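Asks: Quick one: the structure is below, and I'll ask about it shortly.
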Amino acid sequence: MSAKKTIQYIRQYKWGNIFAMIRNNYRDAKICTDNFNNKLVVITGATSGIGLVTAHKYASMGANLLCVNRSIEKSEKLKQDIETTYGVVCNYIIADLTSLEESFKVANELNILTKPIDVLIHNAGVFLTKREITPEGFEKVLAIHYLSSFVINFTLMDKLKSQQKARIIMVGSEGHRFAAWGLNINDLNWERHRYSGLVSYGSAKLAQLLSMLVFADYFKNTGVTINTMHPGAVKSESGKTNGWLYKWYKKNVIDRTLKTADCSADALYYLGVSPEIEGESGNFYNLTTLEEPAPPALDKDVALELWQKTLEMTGLSTKN
Ligand SMILES: NC(=O)c1ccc[n+]([C@@H]2O[C@H](COP(=O)([O-])OP(=O)(O)OC[C@H]3O[C@@H](n4cnc5c(N)ncnc54)[C@H](OP(=O)(O)O)[C@@H]3O)[C@@H](O)[C@H]2O)c1
């Protein structure tokens with residue numbers, strides 16, 4: 001981030017938005033009671049936390065599921081639970097979404113589906129307190145929250161447009177506000193900046209929000225929408241690979257303040273199905289309440305720069 005950008009963001013910060021966020025954190029998700037019979041919903045990371053509860057919610061309303069998970073055992077259990085409980089189809093693709101190669105494999109498998117994808121939910125994610133680098137050379141939090149969802153959305157653009165109707169929902173976070181001074185666009189892998197779990201997580205979620213601005217333009221007037229939502233502060237398995245101190249703090253302090261993930265699933269269902277938000281795109285929701293994200297997430301110049309950079313990082317620039 002440059003000093004010029006920092007000054008720009010400081011000028012643009014609105015305290016009113018922070019107070020609105022605090023108020024919205026106490027609001028319930030809007031509920032959609034319409035069924036979703038025989039529709040196809042793709043969910044990444046459906047084996048625990050928010051993704052798992054969301055998978056049950058959609059299946060309970062009649063949707064068939066295609067889940068993208070990393071564990072075969074958990075996926076088999078999920079498939080059996082969902083199919084016997086709700087009588088819908090629950091298939092899965094196994095992939096490590098920190099890997100670009102595997103994200104491309106998923107994207108290509110989704111791209112050749114003959115059925116339309118009605119809702120695509122990018123949910124898989126991790127929170128790390130220490131910097132980890134993938135074998136492909138990317139910082140892990142960036143890879144899973146941002147690069148993976150970018151690759152899948154980008155690859156699916158033509159398929160989704162040809163369907164003339166689809167909703168993409170990215171599970172983002174109010175944590176994008178931790179990247180208060182913007183993205184280190186020239187150091188996305190945290191090689192030259194001090195790594196902090198909160199700021200790297202916030203940066204990856206910020207990058208996701210910036211990509212949404214550009215995707216929303218590409219999808220304009222096509223019937224495809226793309227939105228990002230904060231799923232609430234809810235109980236999940238998040239942070240389970242971090243050290244003992246973090247885990248102790250999470251169990252004894254953070255978890256005591258968290259709600260169950262039912263509100264996240266209700267919100268993800270509403271955003272995926274409700275006719276009340278038909279056509280709404282490029283928005284950030286706190287559960288189902290529309291919010292203005294932090295100024296760095298509205299910076300179209302950085303969004304376009306990041307878009308180009310991402311095409312190069314992922315090799316997509318040479319694939320097209
Ligand atoms: N919980 C909150 O309060 C909160 C707040 C804001 C945003 N979020 C966001 O919500 C999303 C879901 O998180 P959660 O809190 O529900 O955490 P979680 O319980 O840890 O669930 C994460 C899911 O992602 C999967 N996953 C992790 N690494 C993966 C990889 N390399 N490849 C494929 N799948 C992978 C996990 O699979 P396994 O079951 O195999 O581990 C799990 O299914 C994340 O994007 C997170 O940033 C959560």
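Quick note on naming: the chains in the structure tokens go A, B, ... in the order shown, residues restart at 1 in each chain, and ligands are numbered from 1 in order of appearance.
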Please find the residues contacting ligand 1 at a distance of at most 8 Å between atoms, with only C-alpha atoms and all ligand atoms counted, and report them as a PyMOL selection string.
Replies: chain A and resi 44-52+68-71+74+94-99+122-127+144-145+170-175+201+205+230-240+258+261
Asks: Using DSSP on the backbone coordinates, identify the residues of region 124-204 of chain A assigned to strand (DSSP E or B); present them as a list in words.
Replies: Ile133, Glu139, Ala166, Arg167, Ile168, Ile169, Met170 and Val171 of chain A
Asks: Residues as selected, C-alpha atoms, written as a PDB file, in the first residue's frame, can you do that?
Replies:
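Generated output (result_34.pdb):
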```pdb
ATOM      1  CA  ILE A 133       3.528 -21.297   2.012  1.00  0.00           C
ATOM      2  CA  GLU A 139       0.688 -17.819   1.169  1.00  0.00           C
ATOM      3  CA  ALA A 166     -26.996 -18.228 -11.047  1.00  0.00           C
ATOM      4  CA  ARG A 167     -25.979 -16.785  -7.723  1.00  0.00           C
ATOM      5  CA  ILE A 168     -22.401 -16.810  -6.480  1.00  0.00           C
ATOM      6  CA  ILE A 169     -21.932 -16.133  -2.786  1.00  0.00           C
ATOM      7  CA  MET A 170     -18.505 -15.704  -1.242  1.00  0.00           C
ATOM      8  CA  VAL A 171     -18.292 -16.195   2.498  1.00  0.00           C
TER       9      VAL A 171
END
```
Asks: Which is closer to Ile31 (chain A) than all the others in A:Leu206, A:Leu287, A:Leu113, A:Ile152, using only C-alpha atoms?
Replies: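 Result for the nearest residue to Ile31 (chain A): A:Leu287.
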Asks: Per residue of region 83-168 of chain A within 10 Å of region 192-195 of chain A, record the nearest atom pair and its distance in Å to one decimal, counting only C-alpha atoms, with rows in chain order and ascending residue number, as CSV.
Replies:
```
residue,atom,partner,partner_atom,distance
A:Thr129,CA,A:Tyr195,CA,8.4
A:Lys130,CA,A:Tyr195,CA,7.2
A:Arg131,CA,A:Tyr195,CA,6.4
```
Asks: For the residues in that selection, give me N, CA and C atoms as a PDB file, in the first residue's frame.
Replies:
```
ATOM      1  N   THR A 129      -2.274 -18.426  12.384  1.00  0.00           N
ATOM      2  CA  THR A 129      -1.533 -17.407  13.128  1.00  0.00           C
ATOM      3  C   THR A 129      -0.088 -17.291  12.608  1.00  0.00           C
ATOM      4  N   LYS A 130       0.374 -18.323  11.894  1.00  0.00           N
ATOM      5  CA  LYS A 130       1.745 -18.277  11.341  1.00  0.00           C
ATOM      6  C   LYS A 130       1.702 -18.427   9.832  1.00  0.00           C
ATOM      7  N   ARG A 131       2.619 -17.741   9.163  1.00  0.00           N
ATOM      8  CA  ARG A 131       2.670 -17.782   7.703  1.00  0.00           C
ATOM      9  C   ARG A 131       3.037 -19.178   7.211  1.00  0.00           C
TER      10      ARG A 131
END
```
Asks: Skipping near chain neighbours, those fewer than 4 positions away, what residues fall within 12 Å of Gly62 (chain A) using only C-alpha atoms, listed as a PyMOL selection string?
Replies: chain A and resi 33-41+55-58+82-83+85-90+269+273
Asks: Do you know which residues are at most 10 Å from Thr310 (chain A) counting only C-alpha atoms, after dropping those on the same chain fewer than 6 positions away, and could you put them as a PDB file with C-alpha atoms, in the first residue's frame?
Replies:
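The result, stored in selection35.pdb:
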```
ATOM      1  CA  TYR A 146      -8.885 -15.637  -2.649  1.00  0.00           C
ATOM      2  CA  LEU A 147      -6.956 -17.442  -5.388  1.00  0.00           C
ATOM      3  CA  PHE A 150     -10.992 -16.468  -8.235  1.00  0.00           C
ATOM      4  CA  VAL A 151      -9.903 -19.437 -10.360  1.00  0.00           C
ATOM      5  CA  ALA A 207      -8.846  -9.318  -2.081  1.00  0.00           C
ATOM      6  CA  SER A 211     -12.451  -9.310  -7.122  1.00  0.00           C
ATOM      7  CA  LEU A 304      -8.393  -3.771 -11.566  1.00  0.00           C
ATOM      8  CA  LEU A 316      -4.981 -17.488 -16.380  1.00  0.00           C
ATOM      9  CA  SER A 317      -3.531 -14.665 -18.474  1.00  0.00           C
TER      10      SER A 317
END
```
Asks: Would you list the contacts of Ile72 (chain A) as a list in words, taking every protein, DNA or RNA residue within 9 Å and counting only C-alpha atoms, but skipping same-chain residues closer than 5 positions in sequence?
Replies: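 Everything that qualifies: Lys77, Tyr92, Ile93 and Ile94 of chain A.
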Asks: I need the chosen residues saved as a short mmCIF file (atom, residue, chain, number, x, y, z; two decimals), in the first residue's frame, with C-alpha atoms.
Replies:
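As a result, part09.cif now contains:
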```cif
data_model
loop_
_atom_site.label_atom_id
_atom_site.label_comp_id
_atom_site.auth_asym_id
_atom_site.auth_seq_id
_atom_site.Cartn_x
_atom_site.Cartn_y
_atom_site.Cartn_z
CA LYS A 77 -20.26 -39.27 6.09
CA TYR A 92 -18.59 -34.44 -3.71
CA ILE A 93 -15.27 -33.56 -5.31
CA ILE A 94 -12.11 -34.03 -3.27
#
```
